[in-house]
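This is final-v2.txt (compact mmCIF, N, CA and C atoms).
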# COMPACT_ATOMS: atom_id res chain seq x y z
N MET A 511 0.85 -1.18 0.00
CA MET A 511 0.00 0.00 0.00
C MET A 511 0.89 1.23 0.00
N LYS A 512 0.59 2.15 -0.94
CA LYS A 512 1.32 3.40 -1.02
C LYS A 512 0.39 4.53 -0.59
N THR A 513 0.97 5.54 0.02
CA THR A 513 0.19 6.69 0.46
C THR A 513 0.39 7.84 -0.52
N PRO A 514 -0.72 8.47 -0.95
CA PRO A 514 -0.58 9.63 -1.84
C PRO A 514 0.28 10.71 -1.18
N GLY A 515 1.07 11.38 -1.98
CA GLY A 515 1.92 12.44 -1.46
C GLY A 515 2.39 13.32 -2.60
N PRO A 516 3.40 14.14 -2.36
CA PRO A 516 3.86 15.08 -3.38
C PRO A 516 4.28 14.42 -4.70
N ASP A 517 4.83 13.20 -4.60
CA ASP A 517 5.26 12.52 -5.82
C ASP A 517 4.10 11.86 -6.57
N HIS A 518 2.97 11.64 -5.89
CA HIS A 518 1.78 11.04 -6.51
C HIS A 518 0.54 11.55 -5.75
N PRO A 519 0.17 12.81 -6.03
CA PRO A 519 -0.97 13.38 -5.28
C PRO A 519 -2.31 12.80 -5.75
N ILE A 520 -3.21 12.61 -4.78
CA ILE A 520 -4.59 12.22 -5.07
C ILE A 520 -5.50 13.07 -4.20
N THR A 521 -6.46 13.73 -4.85
CA THR A 521 -7.44 14.51 -4.10
C THR A 521 -8.84 14.04 -4.48
N ILE A 522 -9.75 14.10 -3.51
CA ILE A 522 -11.15 13.75 -3.72
C ILE A 522 -11.99 14.92 -3.22
N THR A 523 -12.81 15.47 -4.11
CA THR A 523 -13.65 16.61 -3.75
C THR A 523 -15.06 16.41 -4.30
N PRO A 524 -16.06 17.00 -3.66
CA PRO A 524 -17.41 16.93 -4.21
C PRO A 524 -17.46 17.60 -5.59
N THR A 525 -18.15 16.99 -6.52
CA THR A 525 -18.33 17.57 -7.85
C THR A 525 -19.43 18.62 -7.76
N PRO A 526 -19.16 19.87 -8.20
CA PRO A 526 -20.18 20.91 -8.06
C PRO A 526 -21.34 20.77 -9.05
N ASN A 527 -21.19 19.94 -10.07
CA ASN A 527 -22.19 19.81 -11.11
C ASN A 527 -22.98 18.51 -11.00
N ARG A 528 -24.09 18.48 -11.70
CA ARG A 528 -24.84 17.24 -11.88
C ARG A 528 -24.06 16.40 -12.89
N VAL A 529 -23.93 15.11 -12.63
CA VAL A 529 -23.23 14.20 -13.54
C VAL A 529 -24.23 13.15 -14.04
N ARG A 530 -24.25 12.99 -15.35
CA ARG A 530 -25.16 12.04 -15.97
C ARG A 530 -24.35 11.12 -16.88
N VAL A 531 -24.56 9.82 -16.73
CA VAL A 531 -23.85 8.83 -17.53
C VAL A 531 -24.87 8.07 -18.37
N THR A 532 -24.64 8.01 -19.69
CA THR A 532 -25.52 7.26 -20.56
C THR A 532 -24.71 6.26 -21.39
N ALA A 533 -25.38 5.19 -21.78
CA ALA A 533 -24.78 4.18 -22.65
C ALA A 533 -25.85 3.72 -23.62
N GLY A 534 -25.57 3.84 -24.90
CA GLY A 534 -26.57 3.43 -25.89
C GLY A 534 -27.87 4.19 -25.76
N GLY A 535 -27.81 5.44 -25.34
CA GLY A 535 -29.00 6.26 -25.19
C GLY A 535 -29.79 6.01 -23.91
N VAL A 536 -29.28 5.13 -23.04
CA VAL A 536 -29.96 4.80 -21.79
C VAL A 536 -29.22 5.44 -20.62
N VAL A 537 -29.96 6.06 -19.71
CA VAL A 537 -29.33 6.67 -18.53
C VAL A 537 -28.92 5.56 -17.58
N ILE A 538 -27.63 5.52 -17.27
CA ILE A 538 -27.08 4.52 -16.35
C ILE A 538 -26.92 5.12 -14.96
N ALA A 539 -26.59 6.41 -14.89
CA ALA A 539 -26.44 7.09 -13.60
C ALA A 539 -26.75 8.56 -13.76
N ASP A 540 -27.31 9.15 -12.71
CA ASP A 540 -27.65 10.57 -12.70
C ASP A 540 -27.55 11.03 -11.26
N THR A 541 -26.66 11.98 -10.99
CA THR A 541 -26.42 12.36 -9.59
C THR A 541 -25.96 13.80 -9.45
N VAL A 542 -26.22 14.34 -8.27
CA VAL A 542 -25.64 15.62 -7.85
C VAL A 542 -24.69 15.37 -6.68
N ARG A 543 -24.37 14.07 -6.44
CA ARG A 543 -23.53 13.69 -5.31
C ARG A 543 -22.23 13.01 -5.74
N ALA A 544 -21.78 13.28 -6.96
CA ALA A 544 -20.54 12.67 -7.44
C ALA A 544 -19.33 13.25 -6.72
N LEU A 545 -18.26 12.47 -6.73
CA LEU A 545 -16.97 12.92 -6.21
C LEU A 545 -15.99 12.95 -7.38
N THR A 546 -15.15 13.99 -7.41
CA THR A 546 -14.10 14.08 -8.42
C THR A 546 -12.79 13.65 -7.80
N LEU A 547 -12.19 12.61 -8.39
CA LEU A 547 -10.89 12.13 -7.93
C LEU A 547 -9.84 12.59 -8.94
N LYS A 548 -8.86 13.34 -8.46
CA LYS A 548 -7.74 13.78 -9.29
C LYS A 548 -6.51 13.06 -8.79
N GLU A 549 -5.87 12.32 -9.70
CA GLU A 549 -4.71 11.52 -9.34
C GLU A 549 -3.54 11.86 -10.25
N ALA A 550 -2.48 12.38 -9.64
CA ALA A 550 -1.24 12.71 -10.36
C ALA A 550 -1.59 13.46 -11.65
N SER A 551 -1.06 12.99 -12.79
CA SER A 551 -1.29 13.69 -14.06
C SER A 551 -2.44 13.07 -14.86
N TYR A 552 -3.19 12.11 -14.28
CA TYR A 552 -4.30 11.48 -14.99
C TYR A 552 -5.49 12.44 -15.08
N PRO A 553 -6.36 12.25 -16.08
CA PRO A 553 -7.58 13.07 -16.15
C PRO A 553 -8.46 12.81 -14.91
N PRO A 554 -9.20 13.82 -14.46
CA PRO A 554 -10.10 13.63 -13.31
C PRO A 554 -11.15 12.56 -13.62
N VAL A 555 -11.54 11.83 -12.57
CA VAL A 555 -12.53 10.76 -12.69
C VAL A 555 -13.71 11.07 -11.78
N GLN A 556 -14.91 10.88 -12.31
CA GLN A 556 -16.13 11.05 -11.52
C GLN A 556 -16.50 9.73 -10.87
N TYR A 557 -16.67 9.75 -9.56
CA TYR A 557 -17.12 8.58 -8.81
C TYR A 557 -18.56 8.84 -8.37
N ILE A 558 -19.44 7.92 -8.68
CA ILE A 558 -20.88 8.11 -8.48
C ILE A 558 -21.42 7.11 -7.46
N PRO A 559 -22.24 7.60 -6.52
CA PRO A 559 -22.84 6.68 -5.53
C PRO A 559 -23.72 5.64 -6.23
N ARG A 560 -23.67 4.42 -5.75
CA ARG A 560 -24.49 3.35 -6.34
C ARG A 560 -25.97 3.67 -6.29
N GLU A 561 -26.39 4.38 -5.26
CA GLU A 561 -27.81 4.72 -5.12
C GLU A 561 -28.30 5.56 -6.29
N ASP A 562 -27.39 6.22 -6.98
CA ASP A 562 -27.75 7.09 -8.09
C ASP A 562 -27.49 6.45 -9.45
N ALA A 563 -27.26 5.13 -9.45
CA ALA A 563 -27.04 4.38 -10.69
C ALA A 563 -28.13 3.33 -10.83
N ASP A 564 -28.42 2.98 -12.07
CA ASP A 564 -29.39 1.93 -12.34
C ASP A 564 -28.66 0.59 -12.25
N MET A 565 -28.61 0.04 -11.05
CA MET A 565 -27.86 -1.19 -10.80
C MET A 565 -28.48 -2.40 -11.52
N THR A 566 -29.73 -2.28 -11.97
CA THR A 566 -30.36 -3.40 -12.69
C THR A 566 -29.71 -3.59 -14.06
N ARG A 567 -29.00 -2.60 -14.53
CA ARG A 567 -28.32 -2.69 -15.84
C ARG A 567 -26.85 -3.10 -15.71
N LEU A 568 -26.38 -3.31 -14.49
CA LEU A 568 -24.98 -3.64 -14.28
C LEU A 568 -24.82 -5.12 -13.92
N VAL A 569 -23.76 -5.71 -14.45
CA VAL A 569 -23.45 -7.11 -14.19
C VAL A 569 -22.00 -7.17 -13.70
N LYS A 570 -21.81 -7.66 -12.48
CA LYS A 570 -20.45 -7.78 -11.95
C LYS A 570 -19.70 -8.84 -12.75
N THR A 571 -18.44 -8.54 -13.07
CA THR A 571 -17.62 -9.48 -13.85
C THR A 571 -16.52 -10.07 -12.97
N GLU A 572 -15.75 -10.95 -13.55
CA GLU A 572 -14.64 -11.58 -12.83
C GLU A 572 -13.39 -10.71 -12.80
N ARG A 573 -13.36 -9.65 -13.61
CA ARG A 573 -12.17 -8.80 -13.71
C ARG A 573 -11.87 -8.13 -12.38
N SER A 574 -10.58 -8.04 -12.08
CA SER A 574 -10.12 -7.37 -10.86
C SER A 574 -8.74 -6.79 -11.16
N THR A 575 -8.49 -5.60 -10.64
CA THR A 575 -7.17 -4.99 -10.77
C THR A 575 -6.75 -4.43 -9.42
N HIS A 576 -5.47 -4.12 -9.31
CA HIS A 576 -4.94 -3.59 -8.06
C HIS A 576 -4.24 -2.27 -8.32
N CYS A 577 -4.55 -1.28 -7.50
CA CYS A 577 -3.86 0.00 -7.51
C CYS A 577 -3.11 0.12 -6.18
N PRO A 578 -1.82 0.40 -6.21
CA PRO A 578 -1.08 0.49 -4.95
C PRO A 578 -1.53 1.64 -4.06
N TYR A 579 -2.28 2.61 -4.62
CA TYR A 579 -2.76 3.75 -3.84
C TYR A 579 -4.20 3.60 -3.37
N LYS A 580 -5.03 2.91 -4.17
CA LYS A 580 -6.46 2.81 -3.85
C LYS A 580 -6.89 1.43 -3.38
N GLY A 581 -6.24 0.38 -3.85
CA GLY A 581 -6.61 -0.97 -3.44
C GLY A 581 -7.07 -1.81 -4.62
N ASP A 582 -7.93 -2.79 -4.35
CA ASP A 582 -8.42 -3.70 -5.38
C ASP A 582 -9.74 -3.19 -5.96
N ALA A 583 -9.79 -3.17 -7.29
CA ALA A 583 -11.00 -2.72 -7.99
C ALA A 583 -11.73 -3.92 -8.57
N SER A 584 -13.06 -3.88 -8.46
CA SER A 584 -13.90 -4.87 -9.13
C SER A 584 -14.56 -4.15 -10.31
N TYR A 585 -15.10 -4.94 -11.23
CA TYR A 585 -15.62 -4.38 -12.48
C TYR A 585 -17.05 -4.82 -12.76
N PHE A 586 -17.73 -3.99 -13.54
CA PHE A 586 -19.09 -4.26 -13.97
C PHE A 586 -19.20 -4.01 -15.47
N SER A 587 -20.04 -4.81 -16.13
CA SER A 587 -20.42 -4.55 -17.51
C SER A 587 -21.80 -3.91 -17.48
N ILE A 588 -22.14 -3.23 -18.56
CA ILE A 588 -23.43 -2.56 -18.67
C ILE A 588 -24.29 -3.29 -19.69
N LYS A 589 -25.52 -3.62 -19.28
CA LYS A 589 -26.51 -4.17 -20.22
C LYS A 589 -27.30 -3.00 -20.77
N SER A 590 -27.16 -2.75 -22.07
CA SER A 590 -27.93 -1.69 -22.70
C SER A 590 -28.77 -2.28 -23.81
N ASP A 591 -29.63 -1.48 -24.39
CA ASP A 591 -30.50 -1.96 -25.45
C ASP A 591 -29.68 -2.43 -26.66
N GLY A 592 -28.47 -1.89 -26.80
CA GLY A 592 -27.62 -2.27 -27.93
C GLY A 592 -26.70 -3.43 -27.64
N GLY A 593 -26.83 -4.06 -26.48
CA GLY A 593 -25.97 -5.18 -26.12
C GLY A 593 -25.27 -4.94 -24.80
N GLU A 594 -24.14 -5.57 -24.63
CA GLU A 594 -23.39 -5.43 -23.38
C GLU A 594 -22.09 -4.69 -23.63
N ILE A 595 -21.78 -3.78 -22.71
CA ILE A 595 -20.53 -3.03 -22.77
C ILE A 595 -19.64 -3.59 -21.67
N GLY A 596 -18.65 -4.37 -22.06
CA GLY A 596 -17.84 -5.13 -21.12
C GLY A 596 -16.93 -4.29 -20.25
N ASN A 597 -16.92 -4.60 -18.97
CA ASN A 597 -16.01 -3.98 -17.99
C ASN A 597 -15.92 -2.46 -18.16
N ALA A 598 -17.06 -1.82 -18.25
CA ALA A 598 -17.13 -0.38 -18.48
C ALA A 598 -17.05 0.43 -17.19
N ILE A 599 -17.16 -0.26 -16.04
CA ILE A 599 -17.23 0.40 -14.75
C ILE A 599 -16.29 -0.29 -13.78
N TRP A 600 -15.64 0.51 -12.92
CA TRP A 600 -14.86 -0.09 -11.84
C TRP A 600 -15.30 0.51 -10.52
N SER A 601 -15.01 -0.22 -9.45
CA SER A 601 -15.41 0.20 -8.12
C SER A 601 -14.43 -0.35 -7.09
N TYR A 602 -14.09 0.46 -6.13
CA TYR A 602 -13.26 0.01 -5.01
C TYR A 602 -14.20 -0.30 -3.84
N GLU A 603 -14.47 -1.58 -3.65
CA GLU A 603 -15.40 -2.00 -2.60
C GLU A 603 -14.84 -1.68 -1.21
N GLN A 604 -13.56 -1.97 -1.02
CA GLN A 604 -12.88 -1.72 0.25
C GLN A 604 -11.53 -1.08 -0.03
N PRO A 605 -11.55 0.21 -0.39
CA PRO A 605 -10.29 0.87 -0.72
C PRO A 605 -9.40 1.03 0.52
N PHE A 606 -8.14 1.35 0.26
CA PHE A 606 -7.23 1.64 1.36
C PHE A 606 -7.76 2.82 2.16
N PRO A 607 -7.38 2.93 3.44
CA PRO A 607 -7.94 3.98 4.32
C PRO A 607 -7.87 5.40 3.75
N ALA A 608 -6.82 5.76 3.06
CA ALA A 608 -6.69 7.12 2.53
C ALA A 608 -7.72 7.42 1.44
N MET A 609 -8.33 6.39 0.88
CA MET A 609 -9.30 6.55 -0.21
C MET A 609 -10.71 6.12 0.19
N ARG A 610 -10.98 6.02 1.49
CA ARG A 610 -12.26 5.48 1.97
C ARG A 610 -13.48 6.24 1.44
N GLU A 611 -13.32 7.49 1.05
CA GLU A 611 -14.46 8.27 0.53
C GLU A 611 -15.09 7.65 -0.72
N ILE A 612 -14.30 6.89 -1.51
CA ILE A 612 -14.84 6.33 -2.75
C ILE A 612 -15.32 4.89 -2.58
N ALA A 613 -15.36 4.40 -1.36
CA ALA A 613 -15.78 3.00 -1.11
C ALA A 613 -17.16 2.75 -1.70
N GLY A 614 -17.24 1.77 -2.60
CA GLY A 614 -18.52 1.40 -3.18
C GLY A 614 -19.02 2.31 -4.28
N TYR A 615 -18.35 3.41 -4.54
CA TYR A 615 -18.77 4.30 -5.62
C TYR A 615 -18.41 3.67 -6.96
N LEU A 616 -19.01 4.15 -8.03
CA LEU A 616 -18.78 3.63 -9.36
C LEU A 616 -18.07 4.66 -10.22
N ALA A 617 -17.09 4.20 -11.00
CA ALA A 617 -16.39 5.06 -11.96
C ALA A 617 -16.54 4.42 -13.34
N PHE A 618 -16.67 5.26 -14.36
CA PHE A 618 -16.99 4.80 -15.71
C PHE A 618 -15.87 5.17 -16.68
N TYR A 619 -15.54 4.24 -17.58
CA TYR A 619 -14.57 4.54 -18.62
C TYR A 619 -15.21 5.49 -19.63
N PRO A 620 -14.63 6.68 -19.81
CA PRO A 620 -15.24 7.68 -20.70
C PRO A 620 -15.24 7.29 -22.18
N ASP A 621 -14.44 6.29 -22.56
CA ASP A 621 -14.46 5.86 -23.96
C ASP A 621 -15.52 4.79 -24.22
N ARG A 622 -16.24 4.37 -23.16
CA ARG A 622 -17.27 3.34 -23.30
C ARG A 622 -18.67 3.86 -23.01
N VAL A 623 -18.76 5.02 -22.37
CA VAL A 623 -20.05 5.64 -22.04
C VAL A 623 -19.94 7.14 -22.31
N THR A 624 -21.07 7.83 -22.21
CA THR A 624 -21.07 9.30 -22.32
C THR A 624 -21.24 9.86 -20.92
N ILE A 625 -20.32 10.72 -20.50
CA ILE A 625 -20.38 11.36 -19.20
C ILE A 625 -20.57 12.86 -19.42
N GLU A 626 -21.67 13.38 -18.91
CA GLU A 626 -21.98 14.80 -19.08
C GLU A 626 -22.12 15.48 -17.74
N GLN A 627 -21.67 16.71 -17.68
CA GLN A 627 -21.86 17.52 -16.47
C GLN A 627 -22.69 18.74 -16.82
N GLN A 628 -23.63 19.06 -15.93
CA GLN A 628 -24.48 20.23 -16.06
C GLN A 628 -24.52 20.94 -14.72
N PRO A 629 -24.76 22.25 -14.72
CA PRO A 629 -24.89 22.93 -13.42
C PRO A 629 -25.96 22.26 -12.56
N ALA A 630 -25.67 22.13 -11.29
CA ALA A 630 -26.60 21.45 -10.37
C ALA A 630 -27.81 22.31 -10.08
As structure tokens:
Amino acid sequence: MKTPGPDHPITITPTPNRVRVTAGGVVIADTVRALTLKEASYPPVQYIPREDADMTRLVKTERSTHCPYKGDASYFSIKSDGGEIGNAIWSYEQPFPAMREIAGYLAFYPDRVTIEQQPA
């Protein structure tokens, strides 16, 4: 486990905008409670509470990855009217203590879904 610091900063802040995620024209998530995670030089990522996602369209997969700063991520595919979008979502079920704010939240690959922000 590595701790974020000056050489690899990670910040988590409330997103001031409404965040809406769609796939194949179907709304997968819609929230005003997203968190923005900024990690080192990577693009910011929106983490969305599960309560604000249509979990009936998500299927947990066998995929798992490890981040030395956040912990183990599990993955979900999206069932949309156009088929299935494989491993389009990741989630840290039990992240390391420094990242506990994102526990159970969902993050979406922007090349597999449409992520829009609007004023809240």
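Using only C-alpha atoms, the contacts of Phe606 in chain A at a cut-off of 12 Å, with sequence neighbours closer than 5 positions omitted, comprise Met511, Lys512, Thr513, Pro514, His576, Cys577, Pro578, Tyr579, Lys580, Gly581, Asp582, Ala583, Glu611, Ile612 and Ala613 of chain A.
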Resulting file, chosen residues, N, CA and C atoms, as a PDB file, in the coordinates of the input:
ATOM      1  N   MET A 511       0.850  -1.180   0.000  1.00  0.00           N
ATOM      2  CA  MET A 511       0.000   0.000   0.000  1.00  0.00           C
ATOM      3  C   MET A 511       0.890   1.230   0.000  1.00  0.00           C
ATOM      4  N   LYS A 512       0.590   2.150  -0.940  1.00  0.00           N
ATOM      5  CA  LYS A 512       1.320   3.400  -1.020  1.00  0.00           C
ATOM      6  C   LYS A 512       0.390   4.530  -0.590  1.00  0.00           C
ATOM      7  N   THR A 513       0.970   5.540   0.020  1.00  0.00           N
ATOM      8  CA  THR A 513       0.190   6.690   0.460  1.00  0.00           C
ATOM      9  C   THR A 513       0.390   7.840  -0.520  1.00  0.00           C
ATOM     10  N   PRO A 514      -0.720   8.470  -0.950  1.00  0.00           N
ATOM     11  CA  PRO A 514      -0.580   9.630  -1.840  1.00  0.00           C
ATOM     12  C   PRO A 514       0.280  10.710  -1.180  1.00  0.00           C
ATOM     13  N   HIS A 576      -5.470  -4.120  -9.310  1.00  0.00           N
ATOM     14  CA  HIS A 576      -4.940  -3.590  -8.060  1.00  0.00           C
ATOM     15  C   HIS A 576      -4.240  -2.270  -8.320  1.00  0.00           C
ATOM     16  N   CYS A 577      -4.550  -1.280  -7.500  1.00  0.00           N
ATOM     17  CA  CYS A 577      -3.860   0.000  -7.510  1.00  0.00           C
ATOM     18  C   CYS A 577      -3.110   0.120  -6.180  1.00  0.00           C
ATOM     19  N   PRO A 578      -1.820   0.400  -6.210  1.00  0.00           N
ATOM     20  CA  PRO A 578      -1.080   0.490  -4.950  1.00  0.00           C
ATOM     21  C   PRO A 578      -1.530   1.640  -4.060  1.00  0.00           C
ATOM     22  N   TYR A 579      -2.280   2.610  -4.620  1.00  0.00           N
ATOM     23  CA  TYR A 579      -2.760   3.750  -3.840  1.00  0.00           C
ATOM     24  C   TYR A 579      -4.200   3.600  -3.370  1.00  0.00           C
ATOM     25  N   LYS A 580      -5.030   2.910  -4.170  1.00  0.00           N
ATOM     26  CA  LYS A 580      -6.460   2.810  -3.850  1.00  0.00           C
ATOM     27  C   LYS A 580      -6.890   1.430  -3.380  1.00  0.00           C
ATOM     28  N   GLY A 581      -6.240   0.380  -3.850  1.00  0.00           N
ATOM     29  CA  GLY A 581      -6.610  -0.970  -3.440  1.00  0.00           C
ATOM     30  C   GLY A 581      -7.070  -1.810  -4.620  1.00  0.00           C
ATOM     31  N   ASP A 582      -7.930  -2.790  -4.350  1.00  0.00           N
ATOM     32  CA  ASP A 582      -8.420  -3.700  -5.380  1.00  0.00           C
ATOM     33  C   ASP A 582      -9.740  -3.190  -5.960  1.00  0.00           C
ATOM     34  N   ALA A 583      -9.790  -3.170  -7.290  1.00  0.00           N
ATOM     35  CA  ALA A 583     -11.000  -2.720  -7.990  1.00  0.00           C
ATOM     36  C   ALA A 583     -11.730  -3.920  -8.570  1.00  0.00           C
ATOM     37  N   GLU A 611     -13.320   7.490   1.050  1.00  0.00           N
ATOM     38  CA  GLU A 611     -14.460   8.270   0.530  1.00  0.00           C
ATOM     39  C   GLU A 611     -15.090   7.650  -0.720  1.00  0.00           C
ATOM     40  N   ILE A 612     -14.300   6.890  -1.510  1.00  0.00           N
ATOM     41  CA  ILE A 612     -14.840   6.330  -2.750  1.00  0.00           C
ATOM     42  C   ILE A 612     -15.320   4.890  -2.580  1.00  0.00           C
ATOM     43  N   ALA A 613     -15.360   4.400  -1.360  1.00  0.00           N
ATOM     44  CA  ALA A 613     -15.780   3.000  -1.110  1.00  0.00           C
ATOM     45  C   ALA A 613     -17.160   2.750  -1.700  1.00  0.00           C
TER      46      ALA A 613
END
With distances taken over all atoms listed in the file, which residue among A:Arg610, A:Thr532, A:Pro516, A:Ala544 lies nearest Gln556 in chain A?
A:Ala544
I need the residue nearest Thr523 in chain A from this list: A:Met565, A:Ala539, A:Lys548, A:Glu626. Use all atoms listed in the file for the distance.
A:Lys548
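Picture a line from CA of Pro620 in chain A to CA of Thr521 in chain A; it runs 19.6 Å.
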Could you please write out, as a PyMOL selection string, every residue of chain A that DSSP assigns to strand (DSSP E)?
chain A and resi 520-524+527-533+536-541+545-549+555-558+568-577+581-590+593-601+616-618+624-629
So that I can check the surroundings of Asp564 in chain A, please list as a ChimeraX atom specification every protein, DNA and RNA residue that reaches within 8 Å of it, counting all atoms listed in the file and ignoring chain neighbours fewer than 6 positions away.
/A:537-540
I want to know what sits within 8 Å of Asn597 in chain A, based on all atoms listed in the file, with residues of the same chain fewer than 3 positions away left out; could you give that as a list of chain:residue names?
A:Val569, A:Thr571, A:Arg573, A:Ser584, A:Tyr585, A:Phe586, A:Ser587, A:Ile588, A:Glu594, A:Trp600, A:Phe618, A:Tyr619, A:Arg622
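Separating CA of Ile625 in chain A from CA of Val531 in chain A is a distance of 4.6 Å.
A straight line drawn from atom N of Leu545 in chain A to atom N of Ser590 in chain A is 23.4 Å long.
The residue that comes closest to Pro559 in chain A, out of A:Ala617, A:Pro607, A:Gly592, A:Pro519 and on the basis of only C-alpha atoms, is A:Ala617.
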Edge lengths and centre, in Å to one decimal, as JSON: that's what I need for the box along x, y and z that holds all listed atoms of range 549-557 of chain A plus 8 Å on each side.
{"center_x": -9.8, "center_y": 11.2, "center_z": -12.3, "size_x": 33.5, "size_y": 21.2, "size_z": 23.8}
DSSP says helix (DSSP H, G or I) for which residues of chain A? Put them as a PyMOL selection string?
chain A and resi 560-562+565-567+607-612
Will you give me range 599-616 of chain A, written with C-alpha atoms and laid out as a PDB file, in the first residue's frame?
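Below is the file that was written, decode_36.pdb:
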ATOM      1  CA  ILE A 599     -17.235   0.402 -14.745  1.00  0.00           C
ATOM      2  CA  TRP A 600     -14.862  -0.086 -11.841  1.00  0.00           C
ATOM      3  CA  SER A 601     -15.413   0.203  -8.117  1.00  0.00           C
ATOM      4  CA  TYR A 602     -13.261   0.010  -5.010  1.00  0.00           C
ATOM      5  CA  GLU A 603     -15.400  -1.997  -2.601  1.00  0.00           C
ATOM      6  CA  GLN A 604     -12.885  -1.721   0.251  1.00  0.00           C
ATOM      7  CA  PRO A 605     -10.287   0.870  -0.717  1.00  0.00           C
ATOM      8  CA  PHE A 606      -7.229   1.635   1.357  1.00  0.00           C
ATOM      9  CA  PRO A 607      -7.937   3.978   4.319  1.00  0.00           C
ATOM     10  CA  ALA A 608      -6.692   7.123   2.531  1.00  0.00           C
ATOM     11  CA  MET A 609      -9.302   6.548  -0.211  1.00  0.00           C
ATOM     12  CA  ARG A 610     -12.258   5.485   1.973  1.00  0.00           C
ATOM     13  CA  GLU A 611     -14.461   8.270   0.530  1.00  0.00           C
ATOM     14  CA  ILE A 612     -14.841   6.330  -2.746  1.00  0.00           C
ATOM     15  CA  ALA A 613     -15.776   3.003  -1.110  1.00  0.00           C
ATOM     16  CA  GLY A 614     -18.516   1.395  -3.181  1.00  0.00           C
ATOM     17  CA  TYR A 615     -18.767   4.305  -5.620  1.00  0.00           C
ATOM     18  CA  LEU A 616     -18.784   3.630  -9.364  1.00  0.00           C
TER      19      LEU A 616
END
